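Structure file run29.pdb with PDB, C-alpha atoms:
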```pdb
ATOM      1  CA  PRO A   1     -40.086  96.709-108.906
ATOM      2  CA  ALA A   2     -40.670 100.307-109.901
ATOM      3  CA  ALA A   3     -42.545 101.003-113.096
ATOM      4  CA  PRO A   4     -40.534 102.673-115.893
ATOM      5  CA  TRP A   5     -40.413 106.429-115.545
ATOM      6  CA  GLU A   6     -39.737 108.749-118.454
ATOM      7  CA  PRO A   7     -38.282 112.046-117.147
ATOM      8  CA  THR A   8     -38.869 113.943-120.397
ATOM      9  CA  GLN A   9     -42.616 113.263-120.410
ATOM     10  CA  GLN A  10     -43.753 112.938-116.790
ATOM     11  CA  SER A  11     -43.849 115.165-113.721
ATOM     12  CA  TRP A  12     -42.461 114.568-110.236
ATOM     13  CA  LEU A  13     -45.871 113.188-109.201
ATOM     14  CA  ALA A  14     -45.553 110.427-111.806
ATOM     15  CA  TRP A  15     -42.040 109.808-110.464
ATOM     16  CA  LEU A  16     -43.514 109.357-106.991
ATOM     17  CA  LEU A  17     -46.430 107.163-108.072
ATOM     18  CA  SER A  18     -44.214 104.958-110.220
ATOM     19  CA  GLY A  19     -42.390 103.835-107.084
ATOM     20  CA  GLU A  20     -39.015 104.900-108.443
ATOM     21  CA  MET A  21     -38.850 107.915-106.136
ATOM     22  CA  ILE A  22     -39.312 105.622-103.140
ATOM     23  CA  ASP A  23     -36.565 103.329-104.442
ATOM     24  CA  ASP A  24     -34.272 106.339-104.878
ATOM     25  CA  ALA A  25     -35.044 107.567-101.354
ATOM     26  CA  LEU A  26     -34.388 104.134 -99.869
ATOM     27  CA  GLY A  27     -31.138 103.867-101.829
ATOM     28  CA  SER A  28     -29.928 107.210-100.479
ATOM     29  CA  LEU A  29     -31.024 106.331 -96.950
ATOM     30  CA  TYR A  30     -29.207 102.997 -97.137
ATOM     31  CA  ARG A  31     -25.963 104.694 -98.151
ATOM     32  CA  VAL A  32     -26.307 107.299 -95.402
ATOM     33  CA  VAL A  33     -26.969 104.707 -92.690
ATOM     34  CA  VAL A  34     -24.181 102.340 -93.759
ATOM     35  CA  GLY A  35     -21.649 105.102 -94.354
ATOM     36  CA  PHE A  36     -22.481 106.854 -91.106
ATOM     37  CA  ALA A  37     -22.283 103.569 -89.175
ATOM     38  CA  VAL A  38     -18.802 102.912 -90.591
ATOM     39  CA  GLY A  39     -17.663 106.433 -89.692
ATOM     40  CA  LEU A  40     -19.126 106.135 -86.199
ATOM     41  CA  VAL A  41     -17.511 102.756 -85.506
ATOM     42  CA  LEU A  42     -14.114 104.148 -86.521
ATOM     43  CA  ALA A  43     -14.401 107.578 -84.885
ATOM     44  CA  LEU A  44     -15.904 106.704 -81.512
ATOM     45  CA  PRO A  45     -13.185 104.404 -80.096
ATOM     46  CA  LEU A  46     -10.399 106.552 -81.549
ATOM     47  CA  GLY A  47     -11.952 109.684 -80.054
ATOM     48  CA  LEU A  48     -12.333 108.055 -76.648
ATOM     49  CA  VAL A  49      -8.718 106.884 -76.639
ATOM     50  CA  MET A  50      -7.363 110.216 -77.899
ATOM     51  CA  GLY A  51      -9.385 112.100 -75.332
ATOM     52  CA  ALA A  52      -8.326 109.871 -72.445
ATOM     53  CA  SER A  53      -4.625 109.534 -73.314
ATOM     54  CA  PRO A  54      -2.472 112.673 -73.764
ATOM     55  CA  ARG A  55       0.245 110.596 -75.459
ATOM     56  CA  ILE A  56      -2.081 109.134 -78.083
ATOM     57  CA  TYR A  57      -3.670 112.560 -78.563
ATOM     58  CA  ALA A  58      -0.240 114.109 -79.200
ATOM     59  CA  LEU A  59       0.576 111.286 -81.626
ATOM     60  CA  PHE A  60      -2.599 111.366 -83.750
ATOM     61  CA  ASN A  61      -3.830 114.944 -83.437
ATOM     62  CA  PRO A  62      -1.425 116.529 -85.980
ATOM     63  CA  MET A  63      -2.484 114.022 -88.641
ATOM     64  CA  MET A  64      -6.173 114.547 -87.858
ATOM     65  CA  GLN A  65      -5.793 118.307 -88.066
ATOM     66  CA  VAL A  66      -4.178 117.949 -91.485
ATOM     67  CA  LEU A  67      -6.924 115.662 -92.826
ATOM     68  CA  ARG A  68      -9.920 117.326 -91.171
ATOM     69  CA  PRO A  69     -10.084 120.479 -93.357
ATOM     70  CA  ILE A  70     -10.062 118.422 -96.582
ATOM     71  CA  PRO A  71     -13.688 118.167 -97.757
ATOM     72  CA  PRO A  72     -14.953 114.651 -98.558
ATOM     73  CA  ILE A  73     -15.786 115.839-102.068
ATOM     74  CA  ALA A  74     -12.059 116.183-102.749
ATOM     75  CA  TYR A  75     -11.706 112.421-102.243
ATOM     76  CA  ILE A  76     -14.129 111.569-105.061
ATOM     77  CA  PRO A  77     -11.442 110.787-107.678
ATOM     78  CA  LEU A  78      -9.585 108.586-105.185
ATOM     79  CA  ALA A  79     -12.816 106.895-104.079
ATOM     80  CA  ILE A  80     -13.672 105.972-107.669
ATOM     81  CA  LEU A  81     -10.087 104.871-108.331
ATOM     82  CA  TRP A  82      -9.982 102.676-105.219
ATOM     83  CA  PHE A  83     -13.548 101.340-105.141
ATOM     84  CA  GLY A  84     -14.880 101.779-108.677
ATOM     85  CA  LEU A  85     -18.518 102.781-109.169
ATOM     86  CA  GLY A  86     -21.597 101.895-107.139
ATOM     87  CA  ASN A  87     -22.183 101.889-103.396
ATOM     88  CA  PRO A  88     -18.605 101.357-102.076
ATOM     89  CA  PRO A  89     -17.189 104.780-103.062
ATOM     90  CA  SER A  90     -20.360 106.496-101.837
ATOM     91  CA  VAL A  91     -20.180 104.682 -98.484
ATOM     92  CA  PHE A  92     -16.487 105.572 -98.195
ATOM     93  CA  LEU A  93     -17.161 109.270 -98.772
ATOM     94  CA  ILE A  94     -20.085 109.338 -96.332
ATOM     95  CA  ALA A  95     -18.027 107.551 -93.671
ATOM     96  CA  LEU A  96     -15.276 110.095 -94.182
ATOM     97  CA  GLY A  97     -17.730 112.978 -93.855
ATOM     98  CA  ALA A  98     -19.244 111.595 -90.654
ATOM     99  CA  PHE A  99     -15.915 110.550 -89.123
ATOM    100  CA  PHE A 100     -14.487 113.911 -88.137
ATOM    101  CA  PRO A 101     -17.552 115.502 -86.452
ATOM    102  CA  VAL A 102     -17.949 112.438 -84.248
ATOM    103  CA  LEU A 103     -14.199 112.193 -83.597
ATOM    104  CA  MET A 104     -13.665 115.831 -82.617
ATOM    105  CA  ASN A 105     -16.766 115.996 -80.419
ATOM    106  CA  THR A 106     -15.811 112.757 -78.675
ATOM    107  CA  ILE A 107     -12.321 114.052 -77.962
ATOM    108  CA  ALA A 108     -13.736 117.333 -76.654
ATOM    109  CA  GLY A 109     -16.236 115.494 -74.471
ATOM    110  CA  VAL A 110     -13.612 113.293 -72.832
ATOM    111  CA  ARG A 111     -11.090 116.104 -72.347
ATOM    112  CA  ASN A 112     -13.679 118.444 -70.844
ATOM    113  CA  VAL A 113     -14.953 116.149 -68.101
ATOM    114  CA  ASP A 114     -15.124 118.189 -64.897
ATOM    115  CA  SER A 115     -12.042 117.476 -62.815
ATOM    116  CA  ILE A 116     -14.209 117.446 -59.679
ATOM    117  CA  TYR A 117     -15.825 114.214 -60.874
ATOM    118  CA  LEU A 118     -12.439 112.646 -61.563
ATOM    119  CA  ARG A 119     -10.983 113.617 -58.177
ATOM    120  CA  ALA A 120     -14.071 112.423 -56.343
ATOM    121  CA  ALA A 121     -13.969 109.041 -58.102
ATOM    122  CA  ARG A 122     -10.265 108.592 -57.405
ATOM    123  CA  ASN A 123     -10.745 109.511 -53.748
ATOM    124  CA  LEU A 124     -13.342 106.739 -53.531
ATOM    125  CA  GLY A 125     -10.815 104.249 -54.856
ATOM    126  CA  VAL A 126     -12.380 103.745 -58.273
ATOM    127  CA  GLY A 127     -10.223 101.821 -60.763
ATOM    128  CA  ARG A 128      -9.207 103.175 -64.172
ATOM    129  CA  TRP A 129     -11.687 101.069 -66.147
ATOM    130  CA  THR A 130     -14.586 101.903 -63.827
ATOM    131  CA  LEU A 131     -13.562 105.560 -63.889
ATOM    132  CA  PHE A 132     -13.682 105.509 -67.674
ATOM    133  CA  THR A 133     -16.979 103.633 -68.062
ATOM    134  CA  ARG A 134     -18.901 105.113 -65.115
ATOM    135  CA  VAL A 135     -17.602 108.700 -65.033
ATOM    136  CA  ILE A 136     -15.792 109.811 -68.186
ATOM    137  CA  LEU A 137     -18.004 108.123 -70.785
ATOM    138  CA  PRO A 138     -21.349 109.289 -69.312
ATOM    139  CA  ALA A 139     -19.994 112.826 -68.889
ATOM    140  CA  ALA A 140     -18.815 112.856 -72.532
ATOM    141  CA  THR A 141     -22.088 111.460 -73.906
ATOM    142  CA  PRO A 142     -23.711 114.896 -74.591
ATOM    143  CA  TYR A 143     -20.715 115.868 -76.723
ATOM    144  CA  ILE A 144     -20.737 112.527 -78.528
ATOM    145  CA  LEU A 145     -24.435 112.754 -79.366
ATOM    146  CA  ALA A 146     -23.959 116.324 -80.597
ATOM    147  CA  GLY A 147     -21.246 115.010 -82.914
ATOM    148  CA  VAL A 148     -23.603 112.268 -84.099
ATOM    149  CA  ARG A 149     -26.229 114.846 -85.130
ATOM    150  CA  ILE A 150     -23.631 116.918 -86.970
ATOM    151  CA  GLY A 151     -22.254 113.780 -88.624
ATOM    152  CA  ILE A 152     -25.690 112.783 -89.908
ATOM    153  CA  GLY A 153     -26.151 116.211 -91.460
ATOM    154  CA  THR A 154     -22.764 115.934 -93.142
ATOM    155  CA  ALA A 155     -23.621 112.438 -94.360
ATOM    156  CA  PHE A 156     -26.669 113.746 -96.227
ATOM    157  CA  ILE A 157     -24.592 116.445 -97.900
ATOM    158  CA  VAL A 158     -21.999 113.921 -99.026
ATOM    159  CA  VAL A 159     -24.481 111.285-100.213
ATOM    160  CA  ILE A 160     -26.105 113.682-102.673
ATOM    161  CA  VAL A 161     -22.771 114.721-104.160
ATOM    162  CA  SER A 162     -21.511 111.143-104.368
ATOM    163  CA  GLU A 163     -24.720 109.951-106.050
ATOM    164  CA  MET A 164     -24.299 112.597-108.730
ATOM    165  CA  ILE A 165     -21.002 111.018-109.721
ATOM    166  CA  ALA A 166     -20.537 107.412-108.613
ATOM    167  CA  VAL A 167     -23.947 105.685-108.789
ATOM    168  CA  ASN A 168     -26.902 105.396-111.140
ATOM    169  CA  ASN A 169     -29.746 105.691-108.645
ATOM    170  CA  GLY A 170     -30.617 107.642-105.514
ATOM    171  CA  LEU A 171     -31.947 111.134-104.941
ATOM    172  CA  GLY A 172     -28.704 112.836-105.942
ATOM    173  CA  PHE A 173     -28.669 110.961-109.233
ATOM    174  CA  ARG A 174     -32.297 111.926-109.939
ATOM    175  CA  ILE A 175     -31.675 115.573-109.102
ATOM    176  CA  LEU A 176     -28.787 115.664-111.544
ATOM    177  CA  GLU A 177     -30.901 113.870-114.134
ATOM    178  CA  ALA A 178     -33.709 116.387-113.690
ATOM    179  CA  ARG A 179     -31.253 119.230-114.101
ATOM    180  CA  GLU A 180     -30.332 117.891-117.529
ATOM    181  CA  PHE A 181     -33.990 118.319-118.580
ATOM    182  CA  MET A 182     -34.331 121.612-116.637
ATOM    183  CA  TRP A 183     -37.336 120.319-114.677
ATOM    184  CA  SER A 184     -37.257 122.268-111.460
ATOM    185  CA  ASP A 185     -40.264 120.450-109.943
ATOM    186  CA  LYS A 186     -38.351 117.167-109.792
ATOM    187  CA  ILE A 187     -35.297 118.917-108.369
ATOM    188  CA  ILE A 188     -37.388 120.521-105.628
ATOM    189  CA  ALA A 189     -39.183 117.228-104.942
ATOM    190  CA  GLY A 190     -35.829 115.494-104.538
ATOM    191  CA  MET A 191     -34.574 118.247-102.240
ATOM    192  CA  LEU A 192     -37.671 118.059-100.062
ATOM    193  CA  THR A 193     -37.358 114.281 -99.865
ATOM    194  CA  ILE A 194     -33.771 114.653 -98.672
ATOM    195  CA  GLY A 195     -34.955 117.138 -96.049
ATOM    196  CA  LEU A 196     -37.681 114.784 -94.832
ATOM    197  CA  LEU A 197     -35.235 111.878 -94.552
ATOM    198  CA  GLY A 198     -32.852 114.091 -92.608
ATOM    199  CA  LEU A 199     -35.661 115.231 -90.339
ATOM    200  CA  GLY A 200     -36.629 111.631 -89.646
ATOM    201  CA  LEU A 201     -33.103 110.593 -88.688
ATOM    202  CA  ASP A 202     -32.557 113.727 -86.624
ATOM    203  CA  THR A 203     -35.797 113.046 -84.749
ATOM    204  CA  LEU A 204     -34.613 109.525 -83.935
ATOM    205  CA  VAL A 205     -31.287 110.843 -82.648
ATOM    206  CA  SER A 206     -33.087 113.521 -80.639
ATOM    207  CA  ARG A 207     -35.263 110.852 -78.998
ATOM    208  CA  LEU A 208     -32.118 108.876 -78.256
ATOM    209  CA  ASN A 209     -30.632 112.007 -76.704
ATOM    210  CA  GLN A 210     -33.607 112.425 -74.433
ATOM    211  CA  HIS A 211     -33.484 108.786 -73.374
ATOM    212  CA  LEU A 212     -29.747 108.611 -72.701
ATOM    213  CA  LEU A 213     -29.486 112.028 -71.079
ATOM    214  CA  ARG A 214     -32.441 111.846 -68.711
ATOM    215  CA  TRP A 215     -29.978 112.266 -65.874
ATOM    216  CA  HIS A 216     -28.438 115.358 -67.438
ATOM    217  CA  ARG A 217     -29.175 118.641 -65.734
ATOM    218  CA  GLY A 218     -31.614 120.813 -67.644
ATOM    219  CA  LEU A 219     -33.521 117.985 -69.373
ATOM    220  CA  GLU A 220     -37.014 117.079 -68.262
ATOM    221  CA  GLN A 221     -37.390 113.755 -66.565
ATOM    222  CA  ASP A 222     -39.871 111.257 -67.985
TER     223      ASP A 222
END
```

So, in terms of structure tokens, how does the structure I just supplied come out?
Amino acid sequence: PAAPWEPTQQSWLAWLLSGEMIDDALGSLYRVVVGFAVGLVLALPLGLVMGASPRIYALFNPMMQVLRPIPPIAYIPLAILWFGLGNPPSVFLIALGAFFPVLMNTIAGVRNVDSIYLRAARNLGVGRWTLFTRVILPAATPYILAGVRIGIGTAFIVVIVSEMIAVNNGLGFRILEAREFMWSDKIIAGMLTIGLLGLGLDTLVSRLNQHLLRWHRGLEQD
């Protein structure tokens, strides 16, 4: 367990060496990963179906366009009312923030598949399921992965705001706490830690991009 840390008497270096900064970073990372995973699991299948089916797109798109401009921060009172305090409202807000970038990019990816590929597959007698899994989904993958990267960035924005309100640990909580004592070094240290966590996750997604899109024109082959 982390050693006690007294913000009014110690610097950000003592915060780091006490182990509490690491606990806060891990807490924020946990919320980002869980919240983003929930948003991804909900957005990906819905985006694929909406992109592939004009009827479902026409049914759900108006509602999505109404909800999409509402920032996740606006849901904070509802999140606390529905889920109370702690991780659940934070995970809900992060999932909401990650949901729409993944959803909209997935829809765009499916709807923008080159018609030449679709006609060629149909001329070869490919069934609907094979057409979807072997043609449409691979062609939409660059869009989907772009939405994933945007969603991760949004998740980090939302986690900091949610931790300032709904939880009692995490980097957002510590930044707000440091603001109360007007200690800019701890605020900057927290901000840099957030940036490093974001860089780490973005690097992982970038490596995943390179692995999944080795076939894609313009990328170097391993």

Selection dump of the PyMOL selection byres ((chain A and resi 62-75) around 9), as a list in words: Tyr57, Ala58, Leu59, Phe60, Asn61, Ile76, Pro77, Leu78, Ala79, Ile80, Leu93, Ile94, Leu96, Gly97, Phe100, Val158, Val161 and Ser162 of chain A

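Residue nearest A:Asn209 within the list A:Ile144, A:Ala95, A:Ile194, A:Ile175: A:Ile144 [criterion: smallest interatomic distance, only C-alpha atoms].
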
Non-local contacts of A:Asn168 (8 Å; all atoms listed in the file; under 5 positions in same chain excluded) as a PyMOL selection string: chain A and resi 86+163+173

Polymer residues at most 10 Å from A:Leu42, only C-alpha atoms, same-chain spacing of 3 or more positions, as a ChimeraX atom specification: /A:36-39,45-47,95-96,98-100,102-103

Atom CA of A:Gly172 to atom CA of A:Ile160, distance in Å rounded to a single decimal: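 Interatomic distance here is 4.3 Å.
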
Distance query 7 Å from (-18.6, 117.2, -67.1) using only C-alpha atoms, result as a PyMOL selection string: chain A and resi 112-114+139-140

Can you tell me, as a CSV table (one decimal) with C-alpha atoms, keeping the file's coordinate frame, what residues are no more than 6 Å from stretch 22-33 of chain A when counting only C-alpha atoms, ignoring any on the same chain fewer than 6 positions away?
```csv
chain,number,residue,atom,x,y,z
A,91,VAL,CA,-20.2,104.7,-98.5
A,155,ALA,CA,-23.6,112.4,-94.4
A,169,ASN,CA,-29.7,105.7,-108.6
A,170,GLY,CA,-30.6,107.6,-105.5
A,171,LEU,CA,-31.9,111.1,-104.9
```

Between atom CA of A:Tyr143 and atom CA of A:Ile116, distance in Å (one decimal): 18.3 Å

Interatomic distance, atom CA of A:Ala166 to atom CA of A:Leu40 (Å, one decimal):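 These atoms are spaced 22.5 Å apart.
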
All residues 8 Å or closer to stretch 196-198 of chain A, all atoms listed in the file, same chain fewer than 4 positions away omitted, as a ChimeraX atom specification: /A:29,152-153,156,192,202

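Residues with any atom within 8 Å of the point (-9.2, 116.9, -74.3), counting only C-alpha atoms, are Met50, Gly51, Ala52, Pro54, Ile107, Ala108, Gly109, Val110, Arg111 and Asn112 of chain A.
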
Take the residues that were just selected and, keeping C-alpha atoms, output them as a short mmCIF file (atom, residue, chain, number, x, y, z; two decimals), in the coordinates of the input.
```cif
data_model
loop_
_atom_site.label_atom_id
_atom_site.label_comp_id
_atom_site.auth_asym_id
_atom_site.auth_seq_id
_atom_site.Cartn_x
_atom_site.Cartn_y
_atom_site.Cartn_z
CA MET A 50 -7.36 110.22 -77.90
CA GLY A 51 -9.38 112.10 -75.33
CA ALA A 52 -8.33 109.87 -72.44
CA PRO A 54 -2.47 112.67 -73.76
CA ILE A 107 -12.32 114.05 -77.96
CA ALA A 108 -13.74 117.33 -76.65
CA GLY A 109 -16.24 115.49 -74.47
CA VAL A 110 -13.61 113.29 -72.83
CA ARG A 111 -11.09 116.10 -72.35
CA ASN A 112 -13.68 118.44 -70.84
#
```

Once the PyMOL selection byres ((chain A and resi 146) around 10) has been evaluated on this model, what residues remain selected, and can you format them as a compact mmCIF listing (two decimals) with C-alpha atoms, keeping the file's coordinate frame?
```
# COMPACT_ATOMS: atom_id res chain seq x y z
CA PRO A 101 -17.55 115.50 -86.45
CA VAL A 102 -17.95 112.44 -84.25
CA ASN A 105 -16.77 116.00 -80.42
CA THR A 106 -15.81 112.76 -78.68
CA GLY A 109 -16.24 115.49 -74.47
CA THR A 141 -22.09 111.46 -73.91
CA PRO A 142 -23.71 114.90 -74.59
CA TYR A 143 -20.72 115.87 -76.72
CA ILE A 144 -20.74 112.53 -78.53
CA LEU A 145 -24.44 112.75 -79.37
CA GLY A 147 -21.25 115.01 -82.91
CA VAL A 148 -23.60 112.27 -84.10
CA ARG A 149 -26.23 114.85 -85.13
CA ILE A 150 -23.63 116.92 -86.97
CA GLY A 151 -22.25 113.78 -88.62
CA VAL A 205 -31.29 110.84 -82.65
CA SER A 206 -33.09 113.52 -80.64
CA ASN A 209 -30.63 112.01 -76.70
```

Counting all atoms listed in the file, the residue of A:Leu118, A:Leu176, A:Leu137, A:Val126 that sits nearest A:Leu44: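 The closest residue to A:Leu44 is A:Leu137.
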
Your completed stretch 22-48 of chain A with N, CA, C and O atoms, as a PDB file, in the coordinates of the input:
```pdb
ATOM      1  N   ILE A  22     -39.470 106.324-104.411  1.00  0.00           N
ATOM      2  CA  ILE A  22     -39.312 105.622-103.140  1.00  0.00           C
ATOM      3  C   ILE A  22     -38.044 104.780-103.167  1.00  0.00           C
ATOM      4  O   ILE A  22     -37.278 104.741-102.188  1.00  0.00           O
ATOM      5  N   ASP A  23     -37.802 104.106-104.309  1.00  0.00           N
ATOM      6  CA  ASP A  23     -36.565 103.329-104.442  1.00  0.00           C
ATOM      7  C   ASP A  23     -35.341 104.232-104.327  1.00  0.00           C
ATOM      8  O   ASP A  23     -34.342 103.862-103.684  1.00  0.00           O
ATOM      9  N   ASP A  24     -35.398 105.410-104.959  1.00  0.00           N
ATOM     10  CA  ASP A  24     -34.272 106.339-104.878  1.00  0.00           C
ATOM     11  C   ASP A  24     -34.064 106.811-103.438  1.00  0.00           C
ATOM     12  O   ASP A  24     -32.922 106.904-102.970  1.00  0.00           O
ATOM     13  N   ALA A  25     -35.153 107.113-102.743  1.00  0.00           N
ATOM     14  CA  ALA A  25     -35.044 107.567-101.354  1.00  0.00           C
ATOM     15  C   ALA A  25     -34.455 106.466-100.471  1.00  0.00           C
ATOM     16  O   ALA A  25     -33.596 106.737 -99.616  1.00  0.00           O
ATOM     17  N   LEU A  26     -34.912 105.245-100.662  1.00  0.00           N
ATOM     18  CA  LEU A  26     -34.388 104.134 -99.869  1.00  0.00           C
ATOM     19  C   LEU A  26     -32.911 103.879-100.185  1.00  0.00           C
ATOM     20  O   LEU A  26     -32.123 103.546 -99.292  1.00  0.00           O
ATOM     21  N   GLY A  27     -32.540 104.032-101.458  1.00  0.00           N
ATOM     22  CA  GLY A  27     -31.138 103.867-101.829  1.00  0.00           C
ATOM     23  C   GLY A  27     -30.251 104.899-101.153  1.00  0.00           C
ATOM     24  O   GLY A  27     -29.180 104.568-100.620  1.00  0.00           O
ATOM     25  N   SER A  28     -30.700 106.155-101.139  1.00  0.00           N
ATOM     26  CA  SER A  28     -29.928 107.210-100.479  1.00  0.00           C
ATOM     27  C   SER A  28     -29.860 106.972 -98.976  1.00  0.00           C
ATOM     28  O   SER A  28     -28.806 107.139 -98.356  1.00  0.00           O
ATOM     29  N   LEU A  29     -30.992 106.580 -98.387  1.00  0.00           N
ATOM     30  CA  LEU A  29     -31.024 106.331 -96.950  1.00  0.00           C
ATOM     31  C   LEU A  29     -30.102 105.174 -96.578  1.00  0.00           C
ATOM     32  O   LEU A  29     -29.408 105.232 -95.543  1.00  0.00           O
ATOM     33  N   TYR A  30     -30.096 104.135 -97.392  1.00  0.00           N
ATOM     34  CA  TYR A  30     -29.207 102.997 -97.137  1.00  0.00           C
ATOM     35  C   TYR A  30     -27.750 103.443 -97.116  1.00  0.00           C
ATOM     36  O   TYR A  30     -26.975 103.065 -96.218  1.00  0.00           O
ATOM     37  N   ARG A  31     -27.349 104.235 -98.093  1.00  0.00           N
ATOM     38  CA  ARG A  31     -25.963 104.694 -98.151  1.00  0.00           C
ATOM     39  C   ARG A  31     -25.619 105.571 -96.958  1.00  0.00           C
ATOM     40  O   ARG A  31     -24.514 105.480 -96.400  1.00  0.00           O
ATOM     41  N   VAL A  32     -26.552 106.434 -96.555  1.00  0.00           N
ATOM     42  CA  VAL A  32     -26.307 107.299 -95.402  1.00  0.00           C
ATOM     43  C   VAL A  32     -26.128 106.460 -94.136  1.00  0.00           C
ATOM     44  O   VAL A  32     -25.187 106.671 -93.362  1.00  0.00           O
ATOM     45  N   VAL A  33     -27.019 105.509 -93.911  1.00  0.00           N
ATOM     46  CA  VAL A  33     -26.969 104.707 -92.690  1.00  0.00           C
ATOM     47  C   VAL A  33     -25.696 103.874 -92.641  1.00  0.00           C
ATOM     48  O   VAL A  33     -24.989 103.832 -91.617  1.00  0.00           O
ATOM     49  N   VAL A  34     -25.367 103.191 -93.744  1.00  0.00           N
ATOM     50  CA  VAL A  34     -24.181 102.340 -93.759  1.00  0.00           C
ATOM     51  C   VAL A  34     -22.914 103.181 -93.637  1.00  0.00           C
ATOM     52  O   VAL A  34     -22.013 102.872 -92.834  1.00  0.00           O
ATOM     53  N   GLY A  35     -22.833 104.249 -94.410  1.00  0.00           N
ATOM     54  CA  GLY A  35     -21.649 105.102 -94.354  1.00  0.00           C
ATOM     55  C   GLY A  35     -21.471 105.755 -92.994  1.00  0.00           C
ATOM     56  O   GLY A  35     -20.360 105.803 -92.449  1.00  0.00           O
ATOM     57  N   PHE A  36     -22.580 106.233 -92.421  1.00  0.00           N
ATOM     58  CA  PHE A  36     -22.481 106.854 -91.106  1.00  0.00           C
ATOM     59  C   PHE A  36     -22.082 105.828 -90.050  1.00  0.00           C
ATOM     60  O   PHE A  36     -21.279 106.121 -89.153  1.00  0.00           O
ATOM     61  N   ALA A  37     -22.630 104.616 -90.147  1.00  0.00           N
ATOM     62  CA  ALA A  37     -22.283 103.569 -89.175  1.00  0.00           C
ATOM     63  C   ALA A  37     -20.795 103.250 -89.238  1.00  0.00           C
ATOM     64  O   ALA A  37     -20.144 103.085 -88.197  1.00  0.00           O
ATOM     65  N   VAL A  38     -20.234 103.171 -90.450  1.00  0.00           N
ATOM     66  CA  VAL A  38     -18.802 102.912 -90.591  1.00  0.00           C
ATOM     67  C   VAL A  38     -17.992 104.047 -89.966  1.00  0.00           C
ATOM     68  O   VAL A  38     -17.036 103.811 -89.212  1.00  0.00           O
ATOM     69  N   GLY A  39     -18.376 105.295 -90.270  1.00  0.00           N
ATOM     70  CA  GLY A  39     -17.663 106.433 -89.692  1.00  0.00           C
ATOM     71  C   GLY A  39     -17.753 106.465 -88.179  1.00  0.00           C
ATOM     72  O   GLY A  39     -16.772 106.764 -87.485  1.00  0.00           O
ATOM     73  N   LEU A  40     -18.931 106.134 -87.647  1.00  0.00           N
ATOM     74  CA  LEU A  40     -19.126 106.135 -86.199  1.00  0.00           C
ATOM     75  C   LEU A  40     -18.281 105.063 -85.522  1.00  0.00           C
ATOM     76  O   LEU A  40     -17.636 105.316 -84.491  1.00  0.00           O
ATOM     77  N   VAL A  41     -18.271 103.871 -86.095  1.00  0.00           N
ATOM     78  CA  VAL A  41     -17.511 102.756 -85.506  1.00  0.00           C
ATOM     79  C   VAL A  41     -16.015 103.071 -85.486  1.00  0.00           C
ATOM     80  O   VAL A  41     -15.294 102.678 -84.548  1.00  0.00           O
ATOM     81  N   LEU A  42     -15.528 103.795 -86.487  1.00  0.00           N
ATOM     82  CA  LEU A  42     -14.114 104.148 -86.521  1.00  0.00           C
ATOM     83  C   LEU A  42     -13.800 105.342 -85.619  1.00  0.00           C
ATOM     84  O   LEU A  42     -12.757 105.378 -84.956  1.00  0.00           O
ATOM     85  N   ALA A  43     -14.689 106.328 -85.589  1.00  0.00           N
ATOM     86  CA  ALA A  43     -14.401 107.578 -84.885  1.00  0.00           C
ATOM     87  C   ALA A  43     -14.578 107.468 -83.381  1.00  0.00           C
ATOM     88  O   ALA A  43     -13.803 108.060 -82.618  1.00  0.00           O
ATOM     89  N   LEU A  44     -15.584 106.722 -82.937  1.00  0.00           N
ATOM     90  CA  LEU A  44     -15.904 106.704 -81.512  1.00  0.00           C
ATOM     91  C   LEU A  44     -14.773 106.123 -80.656  1.00  0.00           C
ATOM     92  O   LEU A  44     -14.319 106.778 -79.705  1.00  0.00           O
ATOM     93  N   PRO A  45     -14.280 104.918 -80.937  1.00  0.00           N
ATOM     94  CA  PRO A  45     -13.185 104.404 -80.096  1.00  0.00           C
ATOM     95  C   PRO A  45     -11.913 105.239 -80.194  1.00  0.00           C
ATOM     96  O   PRO A  45     -11.225 105.455 -79.188  1.00  0.00           O
ATOM     97  N   LEU A  46     -11.595 105.721 -81.404  1.00  0.00           N
ATOM     98  CA  LEU A  46     -10.399 106.552 -81.549  1.00  0.00           C
ATOM     99  C   LEU A  46     -10.543 107.848 -80.762  1.00  0.00           C
ATOM    100  O   LEU A  46      -9.590 108.295 -80.099  1.00  0.00           O
ATOM    101  N   GLY A  47     -11.729 108.454 -80.807  1.00  0.00           N
ATOM    102  CA  GLY A  47     -11.952 109.684 -80.054  1.00  0.00           C
ATOM    103  C   GLY A  47     -11.870 109.472 -78.556  1.00  0.00           C
ATOM    104  O   GLY A  47     -11.310 110.305 -77.827  1.00  0.00           O
ATOM    105  N   LEU A  48     -12.400 108.356 -78.086  1.00  0.00           N
ATOM    106  CA  LEU A  48     -12.333 108.055 -76.648  1.00  0.00           C
ATOM    107  C   LEU A  48     -10.887 107.860 -76.201  1.00  0.00           C
ATOM    108  O   LEU A  48     -10.476 108.371 -75.144  1.00  0.00           O
TER     109      LEU A  48
END
```
